[in-house]
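*Asks:* Data file work11.pdb (PDB, C-alpha atoms, pLDDT in the B column) is appended below.
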```pdb
ATOM      1  CA  MET Y   1       2.775  79.371-118.185  1.00 95.00           C
ATOM      2  CA  ILE Y   2       0.581  82.439-118.596  1.00 97.00           C
ATOM      3  CA  LYS Y   3      -2.094  83.028-115.978  1.00 98.00           C
ATOM      4  CA  GLN Y   4      -4.568  85.871-115.681  1.00 98.00           C
ATOM      5  CA  LEU Y   5      -5.856  86.918-112.277  1.00 98.00           C
ATOM      6  CA  SER Y   6      -8.772  89.203-111.523  1.00 98.00           C
ATOM      7  CA  VAL Y   7      -8.489  91.321-108.388  1.00 98.00           C
ATOM      8  CA  HIS Y   8     -11.331  93.372-106.938  1.00 98.00           C
ATOM      9  CA  THR Y   9     -10.285  96.620-105.281  1.00 98.00           C
ATOM     10  CA  ARG Y  10     -12.554  98.708-103.077  1.00 96.00           C
ATOM     11  CA  GLY Y  11     -10.809 102.020-103.644  1.00 96.00           C
ATOM     12  CA  GLN Y  12      -7.442 103.700-103.281  1.00 96.00           C
ATOM     13  CA  GLY Y  13      -4.739 101.843-101.466  1.00 97.00           C
ATOM     14  CA  LEU Y  14      -2.399  98.891-101.367  1.00 98.00           C
ATOM     15  CA  LEU Y  15      -3.948  95.435-101.652  1.00 98.00           C
ATOM     16  CA  GLU Y  16      -1.668  92.465-100.983  1.00 98.00           C
ATOM     17  CA  VAL Y  17      -1.748  89.837-103.738  1.00 98.00           C
ATOM     18  CA  THR Y  18       1.234  87.732-102.624  1.00 98.00           C
ATOM     19  CA  GLY Y  19      -0.900  84.662-101.878  1.00 98.00           C
ATOM     20  CA  MET Y  20      -2.607  84.707-105.277  1.00 98.00           C
ATOM     21  CA  VAL Y  21       0.718  84.979-107.082  1.00 98.00           C
ATOM     22  CA  ALA Y  22       2.358  82.306-104.894  1.00 98.00           C
ATOM     23  CA  ASP Y  23      -0.535  79.922-105.636  1.00 98.00           C
ATOM     24  CA  ALA Y  24      -0.062  80.437-109.382  1.00 98.00           C
ATOM     25  CA  VAL Y  25       3.678  79.758-109.053  1.00 98.00           C
ATOM     26  CA  ALA Y  26       2.941  76.545-107.145  1.00 98.00           C
ATOM     27  CA  GLN Y  27       0.489  75.453-109.866  1.00 97.00           C
ATOM     28  CA  ALA Y  28       3.171  76.018-112.527  1.00 97.00           C
ATOM     29  CA  GLY Y  29       5.279  73.322-110.890  1.00 97.00           C
ATOM     30  CA  ILE Y  30       8.693  74.726-111.780  1.00 96.00           C
ATOM     31  CA  ASP Y  31      11.691  74.680-109.454  1.00 97.00           C
ATOM     32  CA  GLU Y  32      13.645  77.624-110.834  1.00 98.00           C
ATOM     33  CA  GLY Y  33      12.637  80.507-113.036  1.00 98.00           C
ATOM     34  CA  LEU Y  34      11.035  83.906-113.049  1.00 98.00           C
ATOM     35  CA  CYS Y  35       7.544  85.176-112.317  1.00 98.00           C
ATOM     36  CA  THR Y  36       6.702  88.356-114.178  1.00 98.00           C
ATOM     37  CA  ILE Y  37       3.557  90.174-113.052  1.00 98.00           C
ATOM     38  CA  PHE Y  38       1.939  92.858-115.209  1.00 98.00           C
ATOM     39  CA  VAL Y  39      -1.072  95.031-114.334  1.00 98.00           C
ATOM     40  CA  ARG Y  40      -3.266  95.803-117.357  1.00 98.00           C
ATOM     41  CA  HIS Y  41      -4.370  99.286-116.291  1.00 97.00           C
ATOM     42  CA  THR Y  42      -3.084 102.864-116.451  1.00 96.00           C
ATOM     43  CA  SER Y  43      -4.464 103.886-113.058  1.00 97.00           C
ATOM     44  CA  ALA Y  44      -3.085 101.065-110.900  1.00 98.00           C
ATOM     45  CA  SER Y  45       0.415  99.764-110.272  1.00 98.00           C
ATOM     46  CA  LEU Y  46       2.483  97.078-108.553  1.00 98.00           C
ATOM     47  CA  VAL Y  47       5.021  97.324-105.740  1.00 98.00           C
ATOM     48  CA  ILE Y  48       6.939  95.037-103.421  1.00 98.00           C
ATOM     49  CA  GLN Y  49       6.778  96.380 -99.893  1.00 97.00           C
ATOM     50  CA  GLU Y  50       6.834  95.445 -96.236  1.00 96.00           C
ATOM     51  CA  ASN Y  51       3.930  93.191 -95.273  1.00 95.00           C
ATOM     52  CA  ALA Y  52       4.536  92.924 -91.518  1.00 95.00           C
ATOM     53  CA  ASP Y  53       3.598  96.339 -90.138  1.00 96.00           C
ATOM     54  CA  PRO Y  54       0.433  97.910 -91.602  1.00 94.00           C
ATOM     55  CA  THR Y  55       1.661 101.406 -90.730  1.00 97.00           C
ATOM     56  CA  ALA Y  56       4.293 101.124 -93.497  1.00 96.00           C
ATOM     57  CA  LYS Y  57       1.483 100.633 -96.016  1.00 95.00           C
ATOM     58  CA  GLN Y  58      -0.507 103.530 -94.544  1.00 96.00           C
ATOM     59  CA  ASP Y  59       2.504 105.857 -94.654  1.00 97.00           C
ATOM     60  CA  LEU Y  60       3.178 104.996 -98.316  1.00 97.00           C
ATOM     61  CA  GLU Y  61      -0.446 105.648 -99.257  1.00 97.00           C
ATOM     62  CA  ARG Y  62      -0.490 109.020 -97.468  1.00 97.00           C
ATOM     63  CA  TRP Y  63       2.876 110.025 -98.924  1.00 97.00           C
ATOM     64  CA  LEU Y  64       1.832 109.325-102.529  1.00 97.00           C
ATOM     65  CA  ASN Y  65      -1.482 111.153-102.055  1.00 96.00           C
ATOM     66  CA  ARG Y  66       0.426 114.159-100.720  1.00 97.00           C
ATOM     67  CA  LEU Y  67       2.921 114.007-103.599  1.00 97.00           C
ATOM     68  CA  VAL Y  68       0.167 113.794-106.257  1.00 97.00           C
ATOM     69  CA  PRO Y  69      -2.898 115.570-104.864  1.00 95.00           C
ATOM     70  CA  GLU Y  70      -6.316 115.662-106.459  1.00 94.00           C
ATOM     71  CA  GLY Y  71      -7.686 119.012-107.595  1.00 90.00           C
ATOM     72  CA  ASP Y  72      -4.449 120.498-108.927  1.00 91.00           C
ATOM     73  CA  PRO Y  73      -5.516 123.213-111.415  1.00 91.00           C
ATOM     74  CA  PHE Y  74      -2.629 122.133-113.662  1.00 91.00           C
ATOM     75  CA  TYR Y  75      -4.506 118.938-114.629  1.00 94.00           C
ATOM     76  CA  LYS Y  76      -6.666 118.986-117.755  1.00 92.00           C
ATOM     77  CA  HIS Y  77      -7.469 115.272-117.947  1.00 94.00           C
ATOM     78  CA  ASP Y  78     -10.479 114.711-115.681  1.00 89.00           C
ATOM     79  CA  THR Y  79     -12.795 112.671-117.915  1.00 90.00           C
ATOM     80  CA  GLU Y  80     -13.536 110.163-115.148  1.00 90.00           C
ATOM     81  CA  GLY Y  81     -13.436 112.560-112.209  1.00 90.00           C
ATOM     82  CA  PRO Y  82     -10.953 114.478-110.050  1.00 92.00           C
ATOM     83  CA  ASP Y  83      -8.893 111.351-109.290  1.00 94.00           C
ATOM     84  CA  ASP Y  84      -8.392 110.554-113.009  1.00 95.00           C
ATOM     85  CA  MET Y  85      -5.114 112.355-113.789  1.00 97.00           C
ATOM     86  CA  PRO Y  86      -3.617 111.844-110.315  1.00 97.00           C
ATOM     87  CA  ALA Y  87      -4.182 108.083-110.769  1.00 97.00           C
ATOM     88  CA  HIS Y  88      -2.271 108.113-114.060  1.00 97.00           C
ATOM     89  CA  ILE Y  89       0.609 110.085-112.542  1.00 97.00           C
ATOM     90  CA  LYS Y  90       0.816 107.724-109.541  1.00 98.00           C
ATOM     91  CA  SER Y  91       0.936 104.761-111.910  1.00 97.00           C
ATOM     92  CA  ALA Y  92       3.707 106.426-113.955  1.00 97.00           C
ATOM     93  CA  LEU Y  93       5.762 107.043-110.793  1.00 97.00           C
ATOM     94  CA  THR Y  94       5.514 103.451-109.580  1.00 97.00           C
ATOM     95  CA  GLN Y  95       5.633 100.189-111.595  1.00 97.00           C
ATOM     96  CA  THR Y  96       3.294  98.341-113.928  1.00 97.00           C
ATOM     97  CA  SER Y  97       5.325  95.119-113.871  1.00 98.00           C
ATOM     98  CA  LEU Y  98       7.512  93.181-111.468  1.00 98.00           C
ATOM     99  CA  GLY Y  99       9.947  90.310-111.951  1.00 98.00           C
ATOM    100  CA  ILE Y 100      10.459  87.942-109.031  1.00 98.00           C
ATOM    101  CA  PRO Y 101      12.840  84.962-109.140  1.00 98.00           C
ATOM    102  CA  ILE Y 102      11.525  81.493-108.360  1.00 98.00           C
ATOM    103  CA  ILE Y 103      13.808  79.304-106.261  1.00 98.00           C
ATOM    104  CA  ASP Y 104      12.867  75.794-105.094  1.00 98.00           C
ATOM    105  CA  GLY Y 105       9.369  76.282-106.529  1.00 98.00           C
ATOM    106  CA  ARG Y 106       8.650  79.416-104.478  1.00 98.00           C
ATOM    107  CA  LEU Y 107       8.818  83.177-104.931  1.00 98.00           C
ATOM    108  CA  ALA Y 108      12.212  84.404-103.705  1.00 98.00           C
ATOM    109  CA  LEU Y 109      10.728  87.218-101.621  1.00 98.00           C
ATOM    110  CA  GLY Y 110      12.460  88.430 -98.486  1.00 97.00           C
ATOM    111  CA  THR Y 111      11.077  87.780 -95.016  1.00 96.00           C
ATOM    112  CA  TRP Y 112       9.048  90.983 -94.809  1.00 96.00           C
ATOM    113  CA  GLN Y 113       8.263  91.466 -98.505  1.00 98.00           C
ATOM    114  CA  GLY Y 114       4.809  91.267-100.033  1.00 98.00           C
ATOM    115  CA  ILE Y 115       3.471  91.925-103.527  1.00 98.00           C
ATOM    116  CA  TYR Y 116       0.882  94.694-103.671  1.00 98.00           C
ATOM    117  CA  LEU Y 117      -1.541  95.924-106.282  1.00 98.00           C
ATOM    118  CA  TRP Y 118      -1.749  99.683-105.740  1.00 98.00           C
ATOM    119  CA  GLU Y 119      -5.173 101.007-106.672  1.00 98.00           C
ATOM    120  CA  HIS Y 120      -5.023 104.722-107.477  1.00 98.00           C
ATOM    121  CA  ARG Y 121      -8.718 105.334-108.195  1.00 97.00           C
ATOM    122  CA  ARG Y 122     -11.197 106.140-105.424  1.00 95.00           C
ATOM    123  CA  ARG Y 123     -13.949 103.960-106.851  1.00 94.00           C
ATOM    124  CA  GLY Y 124     -11.838 100.807-107.250  1.00 92.00           C
ATOM    125  CA  GLY Y 125     -13.109  97.939-109.371  1.00 94.00           C
ATOM    126  CA  GLU Y 126     -11.890  94.845-111.159  1.00 97.00           C
ATOM    127  CA  ARG Y 127      -8.192  94.851-112.030  1.00 98.00           C
ATOM    128  CA  GLU Y 128      -6.418  92.309-114.210  1.00 98.00           C
ATOM    129  CA  LEU Y 129      -2.981  90.900-113.541  1.00 98.00           C
ATOM    130  CA  VAL Y 130      -1.135  88.830-116.134  1.00 98.00           C
ATOM    131  CA  LEU Y 131       1.521  86.449-114.823  1.00 98.00           C
ATOM    132  CA  HIS Y 132       4.223  84.841-116.931  1.00 98.00           C
ATOM    133  CA  ILE Y 133       5.840  81.995-115.014  1.00 98.00           C
ATOM    134  CA  GLY Y 134       8.759  80.244-116.568  1.00 96.00           C
TER     135      GLY Y 134
END
```
Could you rewrite the structure in this file as structure tokens?
*Replies:*
Amino acid sequence: MIKQLSVHTRGQGLLEVTGMVADAVAQAGIDEGLCTIFVRHTSASLVIQENADPTAKQDLERWLNRLVPEGDPFYKHDTEGPDDMPAHIKSALTQTSLGIPIIDGRLALGTWQGIYLWEHRRRGGERELVLHIG
């Protein structure tokens, strides 16, 4: 099964999409398999991270912004603004796809794990995820 999901982001940061992905897995109706998630953008990424304590998410966001700051004079690519090249670098340092096993018809995530779309642009917008469930 291939399913496309549209996710609206409001700006930089981690947005949990675990529920959307879990719903798609349930609709697929398979007991065992793999769910592959792919983000169709070069300025957003995917991560699996803690979903219990929001300070973990905040610390990750601050850390990546400190690692890849806007306004570095080294950057030449700024066609879409000062966050353009930093967004591409952040995406390159993280992941554009994830593979999660399916066991007993459910994502085999750990107790505190959630799936996050990581928006790297300040303006946000519509992001597309492609899921392959099989």
*Asks:* Do you have, as JSON lines, the list of residues of region 54-126 of chain Y lying at most 7 Å from region 9-30 of chain Y, each with its nearest atom pair and that distance in Å to one decimal, counting all atoms listed in the file and ordered by chain then number?
*Replies:*
```
{"residue": "Y:Lys57", "atom": "CA", "partner": "Y:Leu14", "partner_atom": "CA", "distance": 6.8}
{"residue": "Y:Glu61", "atom": "CA", "partner": "Y:Gly13", "partner_atom": "CA", "distance": 6.1}
{"residue": "Y:Gly105", "atom": "CA", "partner": "Y:Ile30", "partner_atom": "CA", "distance": 5.5}
{"residue": "Y:Arg106", "atom": "CA", "partner": "Y:Val25", "partner_atom": "CA", "distance": 6.8}
{"residue": "Y:Leu107", "atom": "CA", "partner": "Y:Ala22", "partner_atom": "CA", "distance": 6.5}
{"residue": "Y:Gly114", "atom": "CA", "partner": "Y:Thr18", "partner_atom": "CA", "distance": 5.7}
{"residue": "Y:Ile115", "atom": "CA", "partner": "Y:Thr18", "partner_atom": "CA", "distance": 4.8}
{"residue": "Y:Tyr116", "atom": "CA", "partner": "Y:Glu16", "partner_atom": "CA", "distance": 4.3}
{"residue": "Y:Leu117", "atom": "CA", "partner": "Y:Leu15", "partner_atom": "CA", "distance": 5.2}
{"residue": "Y:Trp118", "atom": "CA", "partner": "Y:Leu14", "partner_atom": "CA", "distance": 4.5}
{"residue": "Y:Glu119", "atom": "CA", "partner": "Y:Gln12", "partner_atom": "CA", "distance": 4.9}
{"residue": "Y:His120", "atom": "CA", "partner": "Y:Gln12", "partner_atom": "CA", "distance": 4.9}
{"residue": "Y:Arg121", "atom": "CA", "partner": "Y:Gln12", "partner_atom": "CA", "distance": 5.3}
{"residue": "Y:Arg122", "atom": "CA", "partner": "Y:Gly11", "partner_atom": "CA", "distance": 4.5}
{"residue": "Y:Arg123", "atom": "CA", "partner": "Y:Gly11", "partner_atom": "CA", "distance": 4.9}
{"residue": "Y:Gly124", "atom": "CA", "partner": "Y:Gly11", "partner_atom": "CA", "distance": 3.9}
{"residue": "Y:Gly125", "atom": "CA", "partner": "Y:Thr9", "partner_atom": "CA", "distance": 5.1}
{"residue": "Y:Glu126", "atom": "CA", "partner": "Y:Thr9", "partner_atom": "CA", "distance": 6.3}
```
*Asks:* Can you work out which one of Y:Ala87, Y:His77, Y:Arg127, Y:His132 has the shortest atom-to-atom distance to Pro101 (chain Y), counting all atoms listed in the file?
*Replies:*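 Of all the options, Y:His132 lies closest to Pro101 (chain Y).
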*Asks:* What is the distance, in Å and to one decimal place, between CA of Val130 (chain Y) and CA of Thr36 (chain Y)?
*Replies:*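 Straight-line distance from CA of Val130 (chain Y) to CA of Thr36 (chain Y) works out to 8.1 Å.
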*Asks:* Once you add 8 Å to each side, what are the centre and edge lengths of the axis-aligned box holding all listed atoms of region 62-68 of chain Y? One decimal in Å, as JSON, if you can.
*Replies:*
```
{"center_x": 0.7, "center_y": 111.6, "center_z": -101.9, "size_x": 20.4, "size_y": 21.1, "size_z": 24.8}
```
*Asks:* Report the distance between CA of Val47 (chain Y) and CA of Glu70 (chain Y) in Å, rounded to one decimal place.
*Replies:*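 Spanning CA of Val47 (chain Y) to CA of Glu70 (chain Y) is a straight-line distance of 21.6 Å.
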*Asks:* What does the structure give for the distance between CA of Asn65 (chain Y) and CA of Ser6 (chain Y), in Å to one decimal?
*Replies:*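 Going from CA of Asn65 (chain Y) over to CA of Ser6 (chain Y), I get 25.0 Å.
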*Asks:* When you count only C-alpha atoms, which of these residues is closest to Trp112 (chain Y): Y:Asp53, Y:Gln58, Y:Pro69, Y:Gly33?
*Replies:*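 For Trp112 (chain Y), the nearest of the candidates is Y:Asp53.
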*Asks:* With distances taken over only C-alpha atoms, which residue among Y:Asp72, Y:Asp78, Y:Asp84, Y:Glu128 lies nearest Ser43 (chain Y)?
*Replies:* Y:Asp84
*Asks:* Given the file shown, determine the residues that the PyMOL selection byres ((chain Y and resi 68) around 10) selects; report them as a list in words.
*Replies:*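 Evaluating the PyMOL selection byres ((chain Y and resi 68) around 10) on these coordinates yields Trp63, Leu64, Asn65, Arg66, Leu67, Pro69, Glu70, Gly71, Asp72, Asp83, Met85, Pro86, Ala87, His88, Ile89, Lys90 and Leu93 of chain Y.
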*Asks:* Please evaluate the PyMOL selection byres ((chain Y and resi 113) around 7) against the displayed coordinates and give the resulting residues as a list of chain:residue names.
*Replies:* Y:Ile48, Y:Gln49, Y:Glu50, Y:Asn51, Y:Leu109, Y:Gly110, Y:Thr111, Y:Trp112, Y:Gly114, Y:Ile115
*Asks:* Just so the selection is clear, what residues does the PyMOL selection byres ((chain Y and resi 38) around 7) cover here, as a PyMOL selection string?
*Replies:* chain Y and resi 36-37+39-40+96-98+129-131
*Asks:* Would you save the residues of that selection, restricted to C-alpha atoms, as a JSON list (two decimals), keeping the file's coordinate frame?
*Replies:*
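Saved as out_12.json:
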```
[["chain", "number", "residue", "atom", "x", "y", "z"],
["Y", 36, "THR", "CA", 6.70, 88.36, -114.18],
["Y", 37, "ILE", "CA", 3.56, 90.17, -113.05],
["Y", 39, "VAL", "CA", -1.07, 95.03, -114.33],
["Y", 40, "ARG", "CA", -3.27, 95.80, -117.36],
["Y", 96, "THR", "CA", 3.29, 98.34, -113.93],
["Y", 97, "SER", "CA", 5.32, 95.12, -113.87],
["Y", 98, "LEU", "CA", 7.51, 93.18, -111.47],
["Y", 129, "LEU", "CA", -2.98, 90.90, -113.54],
["Y", 130, "VAL", "CA", -1.14, 88.83, -116.13],
["Y", 131, "LEU", "CA", 1.52, 86.45, -114.82]]
```
